[in-house]
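Following: one structure in structure tokens, then a few remarks.
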Amino acid sequence: MKNKLGMMVLWLMVLALAGADTIYVVNSQSRTLSRIDTDTDLVQNSFCILGNVPNKVIVGDNYLYVVNSGDNTIQKIDKSSGNTVATHLVALSSNPWDAVLHEGYLYISGLFSSRVYKMDAETGEVLTSVEVGIAPEALLVADGKLYVTNSGDYTQNYAGSSVSVIDLNSWALLDTIEVGLNPQFLYLQGSKLHVSCTGNWTDLGGSVAVIDIDTDDVIQNIELGATLGNIWIDQHDIAWVADNAGYYLYRYHSEDYTILNGQDDPLAVAASYVAGTSSYLAILEPNWGSNARVYLLDEDLLQLKQYTVGMMPTDLKLQASPSSQEDVLLPPVQVSLYPNPLNQGSKLWLKGLNNQSGTYKIYNLKGQLLKQGLVEGDSMQLETQDLASACYICQIRTGTKSLSKKFVILK
């Protein structure tokens with residue numbers, strides 16, 4: 001009990017040091033946008049009154065953009081005041097579902113029109129569009145390409161479930177990648193695109209397809225089961241997966257794809273959406289029929305903070321404040337250990353430092369320091385040949401920033 005209390009105090013201290021983060025929640029039934037300041041714990045549940053059937057919020061530098069599916073519009077909101085600056089029509093009967101902001105443009109998926117639209121974020125003018133698959137939803141920009149999930153035809157057991165790939169320069173459709181049933185969420189880690197496929201909500205459970213964006217091939221399918229929601233991956237390469245129905249929380253390892261908690265062994269955490277920082281996990285509990293709740297949890301899923309928001313939430317976005325206390329490095333997704341897992345006595349390599357210099361330390365799971373040394377350049381070998389078969393944590397530090405990576409040594 002004493003040790004657990006000490007851990008709670010430590011995590012609360014880390015949370016306080018991490019700076020003031022802001023959480024935005026779209027309350028679809030309440031038609032409001034909630035704004036939460038995690039430093040002052042101020043909750044503004046009517047930060048902005050939204051349009052008809054608000055679905056997603058996109059966080060920009062100065063503005064927020066809310067996708068109002070029922071109005072076929074994008075609502076532009078001043079981040080400091082919550083005032084609506086403009087409301088832009090996407091296309092009649094398009095039922096816009098999601099959007100992504102990139103270099104001054106909003107790319108918007110039209111669920112009913114099977115098209116993706118390119119909108120000038122400043123003027124709201126729709127410049128062009130392209131036809132993709134059936135019922136497009138989530139979008140993500142990577143390596144000059146736009147990835148779009150096509151959830152498929154729900155009347156035909158989600159036939160046509162796929163990911164479309166669009167070249168942003170030519171606006172040409174480059175590829176259509178088949179994935180599991182009903183893909184609805186995307187998360188990029190390095191060159192690996194994790195696609196959360198919800199399943200058909202009845203007898204066929206969800207899965208995660210991993211796409212290598214260098215080749216646009218599916219390299220792994222992770223059969224978690226259940227009705228999967230969005231994905232967030234932490235600094236230890238643990239992928240946290242929400243439940244679209246809002247009942248549980250699931251996990252897998254994003255490097256070796258080991259399932260930690262799937263349909264048969266879910267975490268008893270009601271999470272319809274998940275996000276986080278190096279200091280905490282933020283989950284959205286939908287609490288169907290009443291006001292929803294947002295929880296900040298520590299690494300043991302113990303509650304640090306709780307907030308009440310509006311009804312029928314459909315999206316949560318976290319804008320983390322940068323801090324020297326946060327456990328981040330460059331883009332953490334660029335650093336990798338390979339091979340992982342590795343055989344006992346083999347060489348372990350660290351790759352992706354972008355020619356930065358610093359130090360590394362290797363700990364066992366009890367927190368005992370076993371190895372340490374200097375890192376420099378882009379790729380280097382770590383001293384691990386005499387370590388026993390077990391699971392270890394490697395902490396890489398450059399200046400005031402650090403990143404922790406897990407690796408496994410096999411017999």
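Just so we're on the same page: first chain in the structure tokens is A, next is B, and so on; residues restart at 1 for each chain, and ligands are numbered from 1 in the order they show up.
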
Subject >> Pro183 of chain A environment, 9 Å, only C-alpha atoms, sequence neighbours closer than 6 positions dropped, as a PyMOL selection string >> reply: chain A and resi 137-138+149-152+161-163+195-199+206-209

Prev. selection, N, CA and C atoms, output as a compact mmCIF listing (two decimals), in the first residue's frame:
# COMPACT_ATOMS: atom_id res chain seq x y z
N GLU A 137 -13.90 7.39 -44.17
CA GLU A 137 -13.99 7.95 -42.83
C GLU A 137 -12.68 8.63 -42.41
N ALA A 138 -11.75 7.90 -41.78
CA ALA A 138 -10.54 8.50 -41.22
C ALA A 138 -9.54 8.88 -42.31
N THR A 149 -9.50 5.67 -44.87
CA THR A 149 -10.18 4.39 -44.64
C THR A 149 -11.54 4.40 -45.31
N ASN A 150 -11.85 3.33 -46.03
CA ASN A 150 -13.17 3.14 -46.63
C ASN A 150 -13.87 2.04 -45.83
N SER A 151 -14.89 2.41 -45.06
CA SER A 151 -15.50 1.44 -44.13
C SER A 151 -16.34 0.40 -44.85
N GLY A 152 -16.66 0.62 -46.11
CA GLY A 152 -17.36 -0.39 -46.89
C GLY A 152 -18.87 -0.27 -46.81
N SER A 161 -14.24 -2.90 -47.76
CA SER A 161 -13.39 -2.34 -46.69
C SER A 161 -11.96 -2.23 -47.20
N SER A 162 -11.41 -1.01 -47.13
CA SER A 162 -10.09 -0.80 -47.73
C SER A 162 -9.50 0.52 -47.26
N VAL A 163 -8.28 0.78 -47.69
CA VAL A 163 -7.61 2.06 -47.47
C VAL A 163 -7.19 2.61 -48.82
N VAL A 195 -4.08 0.45 -38.82
CA VAL A 195 -5.46 0.67 -39.26
C VAL A 195 -6.39 -0.13 -38.36
N SER A 196 -7.22 0.57 -37.58
CA SER A 196 -8.15 -0.10 -36.69
C SER A 196 -9.45 -0.41 -37.43
N CYS A 197 -9.76 -1.69 -37.53
CA CYS A 197 -10.96 -2.17 -38.23
C CYS A 197 -11.95 -2.67 -37.19
N THR A 198 -13.10 -2.06 -37.12
CA THR A 198 -14.06 -2.32 -36.04
C THR A 198 -14.70 -3.69 -36.13
N GLY A 199 -14.82 -4.27 -37.31
CA GLY A 199 -15.58 -5.51 -37.48
C GLY A 199 -17.02 -5.18 -37.84
N GLY A 206 -13.12 -7.24 -34.53
CA GLY A 206 -12.20 -6.29 -35.14
C GLY A 206 -10.77 -6.77 -35.21
N SER A 207 -9.98 -6.07 -36.01
CA SER A 207 -8.56 -6.39 -36.18
C SER A 207 -7.81 -5.10 -36.50
N VAL A 208 -6.49 -5.18 -36.42
CA VAL A 208 -5.64 -4.06 -36.78
C VAL A 208 -4.74 -4.50 -37.94
N ALA A 209 -4.83 -3.79 -39.05
CA ALA A 209 -3.95 -4.04 -40.18
C ALA A 209 -2.78 -3.07 -40.10

Please run DSSP on the backbone and report, as a compact mmCIF listing (two decimals) with C-alpha atoms, in the first residue's frame, all residues within segment 158-389 of chain A that come out as strand (DSSP E or B).
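Output below, filename out.txt:
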# COMPACT_ATOMS: atom_id res chain seq x y z
CA ALA A 159 -17.84 -5.23 -48.57
CA SER A 162 -10.09 -0.80 -47.73
CA VAL A 163 -7.61 2.06 -47.47
CA SER A 164 -7.26 4.47 -50.39
CA VAL A 165 -3.90 6.14 -51.09
CA ILE A 166 -3.90 9.57 -52.77
CA ASP A 167 -0.86 11.45 -54.07
CA LEU A 173 -5.55 7.78 -56.58
CA LEU A 174 -2.41 5.65 -56.25
CA ASP A 175 -3.67 2.48 -54.62
CA THR A 176 -6.53 0.74 -52.82
CA ILE A 177 -5.39 -1.59 -50.04
CA GLU A 178 -7.69 -4.32 -48.74
CA PRO A 183 -11.75 0.32 -40.97
CA GLN A 184 -12.42 3.55 -39.06
CA PHE A 185 -9.20 4.82 -37.45
CA LEU A 186 -5.56 5.42 -38.42
CA TYR A 187 -2.36 5.86 -36.39
CA LEU A 188 1.16 6.32 -37.77
CA GLN A 189 4.26 5.03 -35.97
CA LYS A 192 4.04 1.71 -40.07
CA LEU A 193 0.40 2.74 -40.45
CA HIS A 194 -1.89 1.03 -37.94
CA VAL A 195 -5.46 0.67 -39.26
CA SER A 196 -8.15 -0.10 -36.69
CA CYS A 197 -10.96 -2.17 -38.23
CA SER A 207 -8.56 -6.39 -36.18
CA VAL A 208 -5.64 -4.06 -36.78
CA ALA A 209 -3.95 -4.04 -40.18
CA VAL A 210 -0.37 -2.72 -40.24
CA ILE A 211 0.66 -1.10 -43.54
CA ASP A 212 4.25 -0.30 -44.50
CA ASP A 217 1.60 -3.35 -48.37
CA VAL A 218 -0.15 -4.93 -45.39
CA ILE A 219 2.62 -6.57 -43.36
CA GLN A 220 0.64 -7.72 -40.32
CA ASN A 221 -2.92 -8.41 -39.17
CA ILE A 222 -3.57 -8.36 -35.42
CA LEU A 228 -12.28 -1.76 -32.03
CA GLY A 229 -12.00 2.02 -31.82
CA ASN A 230 -9.08 4.40 -32.19
CA ILE A 231 -5.41 3.62 -31.46
CA TRP A 232 -2.81 5.54 -29.47
CA ILE A 233 0.78 4.25 -29.06
CA ILE A 238 2.32 -0.23 -26.32
CA ALA A 239 -0.66 0.32 -28.59
CA TRP A 240 -3.81 1.19 -26.66
CA VAL A 241 -7.03 0.49 -28.54
CA ALA A 242 -10.41 1.89 -27.54
CA ASP A 243 -13.72 0.06 -27.84
CA LEU A 249 -9.78 -1.17 -23.50
CA TYR A 250 -7.33 -3.35 -25.46
CA ARG A 251 -3.55 -3.45 -25.93
CA TYR A 252 -0.86 -4.92 -28.17
CA HIS A 253 2.86 -4.37 -28.65
CA ILE A 259 -1.52 -9.17 -28.14
CA LEU A 260 -1.53 -8.13 -24.49
CA ASN A 261 -5.27 -7.68 -23.97
CA LEU A 267 -8.94 -4.34 -19.64
CA TYR A 273 -11.61 6.96 -27.21
CA VAL A 274 -8.02 6.93 -26.00
CA ALA A 275 -5.14 9.42 -26.18
CA GLY A 276 -2.23 10.30 -23.94
CA LEU A 281 -3.43 8.06 -20.42
CA ALA A 282 -6.59 10.01 -21.30
CA ILE A 283 -9.72 7.95 -21.88
CA LEU A 284 -13.27 8.92 -22.79
CA GLU A 285 -16.01 6.99 -21.00
CA ASN A 291 -23.04 12.97 -19.37
CA ALA A 292 -19.77 11.39 -20.43
CA ARG A 293 -16.57 11.42 -18.42
CA VAL A 294 -12.89 11.91 -19.19
CA TYR A 295 -10.33 10.17 -16.99
CA LEU A 296 -6.59 10.69 -16.73
CA LEU A 297 -4.93 7.43 -15.66
CA GLN A 303 -7.22 7.37 -11.69
CA LEU A 304 -5.36 10.67 -11.46
CA LYS A 305 -8.13 13.04 -12.51
CA GLN A 306 -11.76 12.95 -13.63
CA TYR A 307 -13.85 15.40 -15.66
CA THR A 308 -17.53 15.44 -16.69
CA VAL A 309 -18.37 16.51 -20.25
CA GLY A 310 -21.49 16.44 -22.47
CA MET A 311 -23.70 13.70 -23.91
CA PRO A 313 -19.26 12.11 -27.24
CA THR A 314 -17.80 11.19 -30.62
CA ASP A 315 -14.27 12.54 -30.45
CA LEU A 316 -11.48 13.52 -28.04
CA LYS A 317 -8.35 15.39 -29.03
CA LEU A 318 -5.47 16.20 -26.70
CA GLN A 319 -3.13 19.13 -27.32
CA SER A 336 13.91 1.78 -33.38
CA LEU A 337 15.78 -1.16 -31.90
CA TYR A 338 16.42 -4.10 -34.19
CA LEU A 342 16.76 -10.90 -30.69
CA ASN A 343 18.54 -14.10 -29.79
CA LEU A 348 21.24 -5.12 -30.97
CA TRP A 349 21.20 -1.98 -33.11
CA LEU A 350 19.76 1.46 -32.43
CA LYS A 351 18.55 3.28 -35.56
CA GLY A 358 23.50 11.51 -26.32
CA THR A 359 23.46 8.53 -23.97
CA TYR A 360 21.65 5.24 -23.56
CA LYS A 361 20.85 3.22 -20.44
CA ILE A 362 19.48 -0.32 -20.26
CA TYR A 363 17.31 -1.36 -17.31
CA ASN A 364 15.63 -4.60 -16.33
CA LEU A 369 20.60 -0.15 -14.40
CA LEU A 370 22.54 -2.83 -16.31
CA LYS A 371 24.28 -1.04 -19.19
CA GLN A 372 25.01 2.51 -20.29
CA GLY A 373 27.00 4.27 -22.97
CA LEU A 374 27.12 7.02 -25.58
CA VAL A 375 25.03 7.23 -28.74
CA SER A 379 22.79 3.83 -36.41
CA MET A 380 24.91 2.14 -33.77
CA GLN A 381 25.34 -1.15 -31.89
CA LEU A 382 24.40 -1.42 -28.21

Original post:
When you draw a straight line from atom CA of Ser272 of chain A to atom CA of Tyr248 of chain A, how long is it in Å?
Top reply: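 It comes out at 7.9 Å.
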
Subject >> Who sits within 12 Å of segment 97-100 of chain A, only C-alpha atoms, same chain under 5 positions skipped, as a PyMOL selection string >> reply: chain A and resi 53-60+64-75+90+105-121+135-142+146-151+184-186+314-315

Subject >> Counting only C-alpha atoms, the residue of A:Ala172, A:Ile134, A:Leu127, A:Ile213 that sits nearest Tyr158 of chain A >> reply: A:Ile134

**OP:** To one decimal in Å, tell me the separation between atom CA of Asp234 of chain A and atom CA of Leu301 of chain A.
**Re:**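 Distance reported for this atom pair: 13.7 Å.
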